[in-house]
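**Student:** Structure file work29.cif (mmCIF, C-alpha atoms) is given on the next line.
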```
data_input
loop_
_atom_site.label_atom_id
_atom_site.label_comp_id
_atom_site.auth_asym_id
_atom_site.auth_seq_id
_atom_site.Cartn_x
_atom_site.Cartn_y
_atom_site.Cartn_z
CA MET W 1 106.06 78.00 21.91
CA LYS W 2 107.47 79.65 18.80
CA ILE W 3 110.57 78.18 17.15
CA LEU W 4 112.81 79.53 14.40
CA VAL W 5 114.61 76.89 12.31
CA ILE W 6 117.66 78.20 10.43
CA GLU W 7 118.65 75.42 8.04
CA ASP W 8 119.87 75.62 4.43
CA GLU W 9 118.96 72.02 3.49
CA LYS W 10 115.41 72.69 2.30
CA LYS W 11 114.22 69.09 2.64
CA LEU W 12 115.45 68.90 6.22
CA ALA W 13 114.05 72.34 7.01
CA SER W 14 110.64 71.35 5.67
CA TYR W 15 110.79 68.06 7.60
CA LEU W 16 111.61 69.89 10.83
CA GLN W 17 108.89 72.48 10.26
CA LYS W 18 106.23 69.83 9.67
CA GLY W 19 107.42 67.63 12.50
CA LEU W 20 107.70 70.39 15.10
CA SER W 21 104.37 71.85 13.99
CA SER W 22 102.75 68.46 14.57
CA GLU W 23 104.21 68.57 18.10
CA GLY W 24 102.28 71.79 18.75
CA PHE W 25 104.99 74.37 18.08
CA VAL W 26 104.68 77.44 15.86
CA VAL W 27 107.58 77.18 13.43
CA ASP W 28 109.21 79.67 11.06
CA VAL W 29 112.07 78.76 8.70
CA ALA W 30 115.04 80.62 7.23
CA HIS W 31 117.48 79.09 4.72
CA THR W 32 120.45 81.45 5.11
CA GLY W 33 122.33 82.89 8.05
CA ILE W 34 121.50 86.48 7.18
CA ASP W 35 117.79 85.78 6.73
CA GLY W 36 117.77 83.80 9.98
CA LEU W 37 119.51 86.57 11.89
CA HIS W 38 117.03 89.10 10.52
CA LEU W 39 114.05 87.01 11.60
CA ALA W 40 115.57 86.27 15.00
CA THR W 41 116.19 89.97 15.61
CA GLU W 42 112.82 91.22 14.42
CA GLY W 43 110.60 88.31 15.46
CA LEU W 44 109.61 86.89 18.81
CA TYR W 45 110.90 83.36 19.33
CA ASP W 46 111.22 81.07 22.33
CA LEU W 47 113.95 78.89 20.78
CA ILE W 48 116.16 78.71 17.70
CA VAL W 49 117.29 75.52 15.94
CA LEU W 50 120.46 76.62 14.17
CA ASP W 51 122.48 74.73 11.55
CA GLY W 52 126.22 75.18 11.86
CA MET W 53 126.94 75.20 8.12
CA LEU W 54 125.02 77.98 6.38
CA PRO W 55 125.55 80.05 3.23
CA ASP W 56 126.63 83.71 3.56
CA LEU W 57 126.94 83.60 7.38
CA ASP W 58 127.65 80.35 9.22
CA GLY W 59 126.00 79.20 12.43
CA LEU W 60 128.78 80.51 14.68
CA GLY W 61 128.52 83.92 13.00
CA VAL W 62 124.76 83.98 13.52
CA LEU W 63 125.21 82.90 17.13
CA ALA W 64 127.83 85.56 17.83
CA ALA W 65 125.55 88.27 16.42
CA LEU W 66 122.56 87.00 18.39
CA ARG W 67 124.40 86.90 21.69
CA GLN W 68 125.21 90.61 21.46
CA ASN W 69 121.69 91.56 22.55
CA ILE W 70 119.32 88.58 22.43
CA ASN W 71 119.06 85.79 24.97
CA ILE W 72 117.13 83.12 23.07
CA PRO W 73 117.91 79.43 23.72
CA VAL W 74 119.78 77.96 20.74
CA LEU W 75 120.03 74.30 19.75
CA MET W 76 122.80 73.89 17.18
CA LEU W 77 122.76 71.22 14.46
CA THR W 78 125.94 70.14 12.70
CA ALA W 79 127.33 67.44 10.46
CA ARG W 80 130.63 67.75 12.29
CA SER W 81 131.08 65.19 15.04
CA MET W 82 134.47 66.35 16.32
CA VAL W 83 134.51 67.26 20.00
CA GLU W 84 136.36 70.50 19.18
CA ASP W 85 133.50 71.64 16.93
CA ARG W 86 130.91 71.00 19.62
CA VAL W 87 133.03 72.83 22.18
CA LYS W 88 133.34 75.84 19.85
CA GLY W 89 129.57 75.99 19.47
CA LEU W 90 128.92 75.76 23.19
CA GLN W 91 131.61 78.33 23.97
CA ALA W 92 130.06 80.67 21.39
CA GLY W 93 126.79 80.59 23.32
CA ALA W 94 124.82 77.57 22.09
CA ASP W 95 122.65 76.02 24.78
CA ASP W 96 122.72 72.50 23.31
CA TYR W 97 124.27 70.62 20.40
CA LEU W 98 122.95 67.83 18.15
CA THR W 99 125.02 66.04 15.50
CA LYS W 100 123.56 65.05 12.13
CA PRO W 101 122.10 62.58 11.37
CA PHE W 102 119.82 62.59 14.40
CA ALA W 103 116.55 61.04 15.47
CA PHE W 104 113.65 63.48 15.38
CA SER W 105 112.46 62.18 18.77
CA GLU W 106 115.80 63.21 20.29
CA LEU W 107 115.52 66.70 18.81
CA VAL W 108 112.03 67.10 20.27
CA ALA W 109 113.27 65.87 23.66
CA ARG W 110 116.11 68.39 23.60
CA VAL W 111 113.72 71.19 22.61
CA HIS W 112 111.48 70.37 25.58
CA ALA W 113 114.50 70.15 27.89
CA LEU W 114 115.72 73.59 26.77
CA ALA W 115 112.24 75.01 27.31
CA ARG W 116 112.16 73.69 30.88
CA ARG W 117 115.71 74.86 31.56
CA THR W 118 115.07 78.40 30.38
CA GLN W 119 111.55 78.77 31.79
CA GLY W 120 111.19 82.14 33.47
CA LEU W 121 114.04 83.74 31.51
CA THR W 122 113.40 86.52 29.02
CA THR W 123 113.38 85.50 25.38
CA THR W 124 114.71 88.86 24.28
CA SER W 125 116.68 91.62 25.95
CA ALA W 126 115.03 93.06 29.05
CA GLU W 127 113.81 96.23 27.37
CA LYS W 128 112.00 94.18 24.69
CA SER W 129 110.21 91.76 27.03
CA HIS W 130 107.75 94.30 28.45
CA LEU W 131 106.23 96.85 26.08
CA SER W 132 103.43 99.31 26.65
CA LEU W 133 101.44 102.15 25.11
CA ALA W 134 98.70 104.00 26.97
CA ASP W 135 96.75 101.24 28.79
CA LEU W 136 98.07 98.53 26.44
CA GLU W 137 100.65 96.16 27.93
CA LEU W 138 102.54 93.26 26.37
CA ASP W 139 104.60 90.68 28.25
CA ALA W 140 106.84 88.74 25.86
CA VAL W 141 107.90 86.24 28.50
CA LYS W 142 104.36 85.21 29.47
CA ARG W 143 103.16 85.88 25.91
CA GLN W 144 100.28 87.96 27.25
CA ALA W 145 98.73 91.14 25.92
CA LYS W 146 96.38 93.20 28.06
CA ARG W 147 94.47 96.41 27.68
CA ALA W 148 93.05 98.19 30.72
CA GLY W 149 93.92 95.03 32.62
CA GLN W 150 91.85 92.79 30.32
CA ASP W 151 93.47 89.80 28.61
CA LEU W 152 93.15 90.26 24.83
CA ARG W 153 93.38 86.49 24.10
CA LEU W 154 95.43 86.83 20.92
CA THR W 155 96.43 84.06 18.55
CA ALA W 156 100.16 83.40 17.97
CA LYS W 157 100.22 85.49 14.77
CA GLU W 158 98.17 88.30 16.32
CA PHE W 159 100.59 88.40 19.24
CA SER W 160 103.61 88.55 16.91
CA LEU W 161 101.94 91.28 14.86
CA LEU W 162 101.14 93.35 17.95
CA TRP W 163 104.62 92.84 19.38
CA LEU W 164 106.19 94.15 16.17
CA LEU W 165 103.83 97.14 15.97
CA LEU W 166 104.35 97.94 19.65
CA ARG W 167 108.10 97.59 19.48
CA ARG W 168 108.10 100.08 16.61
CA LYS W 169 105.26 102.27 17.89
CA GLY W 170 104.91 105.58 16.14
CA GLU W 171 106.49 104.13 12.96
CA VAL W 172 104.37 103.41 9.90
CA LEU W 173 104.89 99.81 8.79
CA SER W 174 103.93 98.83 5.25
CA ARG W 175 101.96 95.71 4.41
CA THR W 176 105.05 94.35 2.66
CA GLU W 177 107.18 94.75 5.77
CA LEU W 178 104.54 93.21 8.02
CA ALA W 179 104.10 90.26 5.66
CA GLU W 180 107.85 89.60 5.58
CA LEU W 181 108.48 90.00 9.32
CA VAL W 182 105.39 88.28 10.75
CA TRP W 183 104.53 85.72 8.06
CA ASP W 184 107.96 85.32 6.41
CA MET W 185 106.34 85.78 3.01
CA HIS W 186 106.71 88.15 0.10
CA PHE W 187 103.68 90.40 -0.03
CA ASP W 188 101.29 89.76 -2.90
CA SER W 189 98.88 92.58 -3.73
CA GLU W 190 96.15 89.98 -4.19
CA THR W 191 96.73 88.52 -0.72
CA ASN W 192 94.82 90.17 2.11
CA VAL W 193 96.38 88.18 4.96
CA VAL W 194 97.84 91.34 6.55
CA ASP W 195 94.60 93.33 6.35
CA VAL W 196 92.58 90.44 7.76
CA ALA W 197 95.01 90.00 10.67
CA VAL W 198 94.97 93.74 11.39
CA ARG W 199 91.14 93.75 11.42
CA ARG W 200 91.07 90.85 13.85
CA LEU W 201 93.69 92.45 16.08
CA ARG W 202 91.80 95.76 16.00
CA SER W 203 88.53 94.02 16.94
CA LYS W 204 90.17 92.70 20.10
CA MET W 205 92.50 95.55 20.96
CA ASP W 206 90.64 98.73 19.92
CA GLU W 207 86.92 98.23 19.35
CA PRO W 208 86.00 97.37 22.97
CA PHE W 209 87.81 100.50 24.22
CA ASP W 210 87.32 104.26 23.87
CA LEU W 211 90.75 105.23 22.54
CA PRO W 212 91.92 103.60 19.26
CA LEU W 213 95.64 102.85 19.09
CA LEU W 214 96.03 100.98 15.77
CA HIS W 215 95.67 103.37 12.85
CA THR W 216 95.61 102.96 9.08
CA VAL W 217 97.78 105.37 7.11
CA ARG W 218 96.16 105.44 3.70
CA GLY W 219 98.46 104.26 0.93
CA MET W 220 101.31 103.51 3.36
CA GLY W 221 100.40 100.93 5.98
CA TYR W 222 99.67 100.78 9.70
CA VAL W 223 100.96 102.51 12.81
CA LEU W 224 100.44 101.90 16.51
CA GLU W 225 100.38 105.17 18.43
CA GLN W 226 98.36 107.20 20.91
CA ARG W 227 96.85 110.19 19.16
CA VAL W 228 95.67 113.28 20.97
CA VAL W 229 91.94 113.80 20.64
CA GLU W 230 91.31 117.45 19.88
CA PRO W 231 88.51 118.98 21.95
CA ASN W 232 85.38 120.10 20.09
CA THR W 233 85.77 123.89 20.27
CA GLU W 234 82.20 124.51 19.06
CA ASN W 235 80.77 122.60 21.96
CA LEU W 236 83.12 124.30 24.39
CA SER W 237 82.08 127.76 23.25
CA SER W 238 78.34 127.10 23.18
#
```
As a first step, turn the structure in this file into structure tokens.
**Tutor:**
Amino acid sequence: MKILVIEDEKKLASYLQKGLSSEGFVVDVAHTGIDGLHLATEGLYDLIVLDGMLPDLDGLGVLAALRQNINIPVLMLTARSMVEDRVKGLQAGADDYLTKPFAFSELVARVHALARRTQGLTTTSAEKSHLSLADLELDAVKRQAKRAGQDLRLTAKEFSLLWLLLRRKGEVLSRTELAELVWDMHFDSETNVVDVAVRRLRSKMDEPFDLPLLHTVRGMGYVLEQRVVEPNTENLSS
């Protein structure tokens, strides 16, 4: 289960990331509303933990933008204990509400409860939950990727990388963009994390099959697309 924590208090955000990771979740963090909204829109998450008070765009603003086209369960955190504030959050589309300070065990319990409650629902809009290209299929709800009916057995990061490439198939994505969207990191020319992940993904998704789908565009980045194989005219004429 992949969780996005949008929290501007860096100590609390780090605490939540470490704690939820120790519970077996894959956790990404954003410290502003705009950054969180960007990650939530471009990434693939099962649940969002959203602080109500954020710089540049508050929690209600983030929630309103999300609910326009994304149906991800949202657990809101707030320092405000007034009933009216909780009602506003729930009316805006939050699935649950937790007031600061809170016990970490209660947050984990609420996360599990939301996961059970929303099991079987799409984590993104319907058109984003099932993606395909040639004989490659990706199911965002089941978090499965198959090619020619075979399960590719991808890691969490490989799945997120493939989902992004498949969602934007035919578009060349730079290493910088992939690093920011999949790993939430600024790309360092000395870091080969993107290239290593692409090689591993290619070894599972392309190498066992006849038709390669993941292509390197020299000096630009990577693109997922089905390319027409030109017939060998010399062989045809001989």
**Student:** Give as a list in words the residues that the PyMOL selection byres ((chain W and resi 152-166) around 7) matches when applied to the coordinates above.
**Tutor:**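 Going through the file, the PyMOL selection byres ((chain W and resi 152-166) around 7) ends up selecting Leu44, Leu131, Ala145, Lys146, Arg147, Gln150, Asp151, Arg167, Arg168, Lys169, Val182, Ala197, Leu201, Lys204, Met205, Val223 and Leu224 of chain W.
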**Student:** Write the residues you've just listed into a file as a short mmCIF file (atom, residue, chain, number, x, y, z; two decimals), in the coordinates of the input, and include C-alpha atoms for each of them.
**Tutor:**
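Writing done, so here's out.cif:
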```
data_model
loop_
_atom_site.label_atom_id
_atom_site.label_comp_id
_atom_site.auth_asym_id
_atom_site.auth_seq_id
_atom_site.Cartn_x
_atom_site.Cartn_y
_atom_site.Cartn_z
CA LEU W 44 109.61 86.89 18.81
CA LEU W 131 106.23 96.85 26.08
CA ALA W 145 98.73 91.14 25.92
CA LYS W 146 96.38 93.20 28.06
CA ARG W 147 94.47 96.41 27.68
CA GLN W 150 91.85 92.79 30.32
CA ASP W 151 93.47 89.80 28.61
CA ARG W 167 108.10 97.59 19.48
CA ARG W 168 108.10 100.08 16.61
CA LYS W 169 105.26 102.27 17.89
CA VAL W 182 105.39 88.28 10.75
CA ALA W 197 95.01 90.00 10.67
CA LEU W 201 93.69 92.45 16.08
CA LYS W 204 90.17 92.70 20.10
CA MET W 205 92.50 95.55 20.96
CA VAL W 223 100.96 102.51 12.81
CA LEU W 224 100.44 101.90 16.51
#
```
**Student:** In Å, rounded to a single decimal, give me how far atom CA of Gln91 of chain W is from atom CA of Ala13 of chain W.
**Tutor:**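 So the answer is 25.1 Å.
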**Student:** Interatomic distance between atom CA of Val49 of chain W and atom CA of Leu138 of chain W?
**Tutor:** 25.3 Å
**Student:** Mind telling me what the PyMOL selection byres ((chain W and resi 29) around 7) catches here, as a short mmCIF file (atom, residue, chain, number, x, y, z; two decimals) with C-alpha atoms, keeping the file's coordinate frame?
**Tutor:**
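Everything below was put into out.cif:
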```cif
data_model
loop_
_atom_site.label_atom_id
_atom_site.label_comp_id
_atom_site.auth_asym_id
_atom_site.auth_seq_id
_atom_site.Cartn_x
_atom_site.Cartn_y
_atom_site.Cartn_z
CA LEU W 4 112.81 79.53 14.40
CA VAL W 5 114.61 76.89 12.31
CA ILE W 6 117.66 78.20 10.43
CA ALA W 13 114.05 72.34 7.01
CA VAL W 27 107.58 77.18 13.43
CA ASP W 28 109.21 79.67 11.06
CA ALA W 30 115.04 80.62 7.23
CA HIS W 31 117.48 79.09 4.72
#
```
**Student:** Show which residues sit within 8 Å of segment 100-107 of chain W, as a PDB file with C-alpha atoms, in the coordinates of the input. Count all atoms listed in the file, and ignore same-chain residues fewer than 3 positions away.
**Tutor:**
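Here's the written file part.pdb:
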```pdb
ATOM      1  CA  LEU W  77     122.760  71.220  14.460  1.00  0.00           C
ATOM      2  CA  THR W  78     125.940  70.140  12.700  1.00  0.00           C
ATOM      3  CA  ALA W  79     127.330  67.440  10.460  1.00  0.00           C
ATOM      4  CA  ARG W  80     130.630  67.750  12.290  1.00  0.00           C
ATOM      5  CA  ARG W 110     116.110  68.390  23.600  1.00  0.00           C
ATOM      6  CA  VAL W 111     113.720  71.190  22.610  1.00  0.00           C
TER       7      VAL W 111
END
```
**Student:** Can you work out which one of W:Val217, W:Ala140, W:Met53, W:Ala109 has the shortest atom-to-atom distance to Glu7 of chain W, counting all atoms listed in the file?
**Tutor:** W:Met53
**Student:** Under the PyMOL selection byres ((chain W and resi 55-66) around 8), which residues of this model are included? Write them out as a compact mmCIF listing (two decimals) with C-alpha atoms, in the frame of the given file.
**Tutor:**
```txt
# COMPACT_ATOMS: atom_id res chain seq x y z
CA ASP W 8 119.87 75.62 4.43
CA THR W 32 120.45 81.45 5.11
CA GLY W 33 122.33 82.89 8.05
CA ILE W 34 121.50 86.48 7.18
CA GLY W 36 117.77 83.80 9.98
CA LEU W 37 119.51 86.57 11.89
CA ALA W 40 115.57 86.27 15.00
CA THR W 41 116.19 89.97 15.61
CA LEU W 50 120.46 76.62 14.17
CA ASP W 51 122.48 74.73 11.55
CA GLY W 52 126.22 75.18 11.86
CA MET W 53 126.94 75.20 8.12
CA LEU W 54 125.02 77.98 6.38
CA ARG W 67 124.40 86.90 21.69
CA GLN W 68 125.21 90.61 21.46
CA ASN W 69 121.69 91.56 22.55
CA ILE W 70 119.32 88.58 22.43
CA ASN W 71 119.06 85.79 24.97
CA MET W 76 122.80 73.89 17.18
CA GLY W 89 129.57 75.99 19.47
CA ALA W 92 130.06 80.67 21.39
CA GLY W 93 126.79 80.59 23.32
CA ALA W 94 124.82 77.57 22.09
```
**Student:** Could you give me the axis-aligned bounding box of segment 128-133 of chain W, with 4 Å of padding per side, as centre plus edge lengths in Å to one decimal, as AutoDock Vina command-line options?
**Tutor:**
```
--center_x 106.7 --center_y 97.0 --center_z 26.6 --size_x 18.6 --size_y 18.4 --size_z 11.8
```
**Student:** So how far away is atom CA of Arg227 of chain W from atom CA of Leu213 of chain W, in Å?
**Tutor:**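 The value is 7.4 Å.
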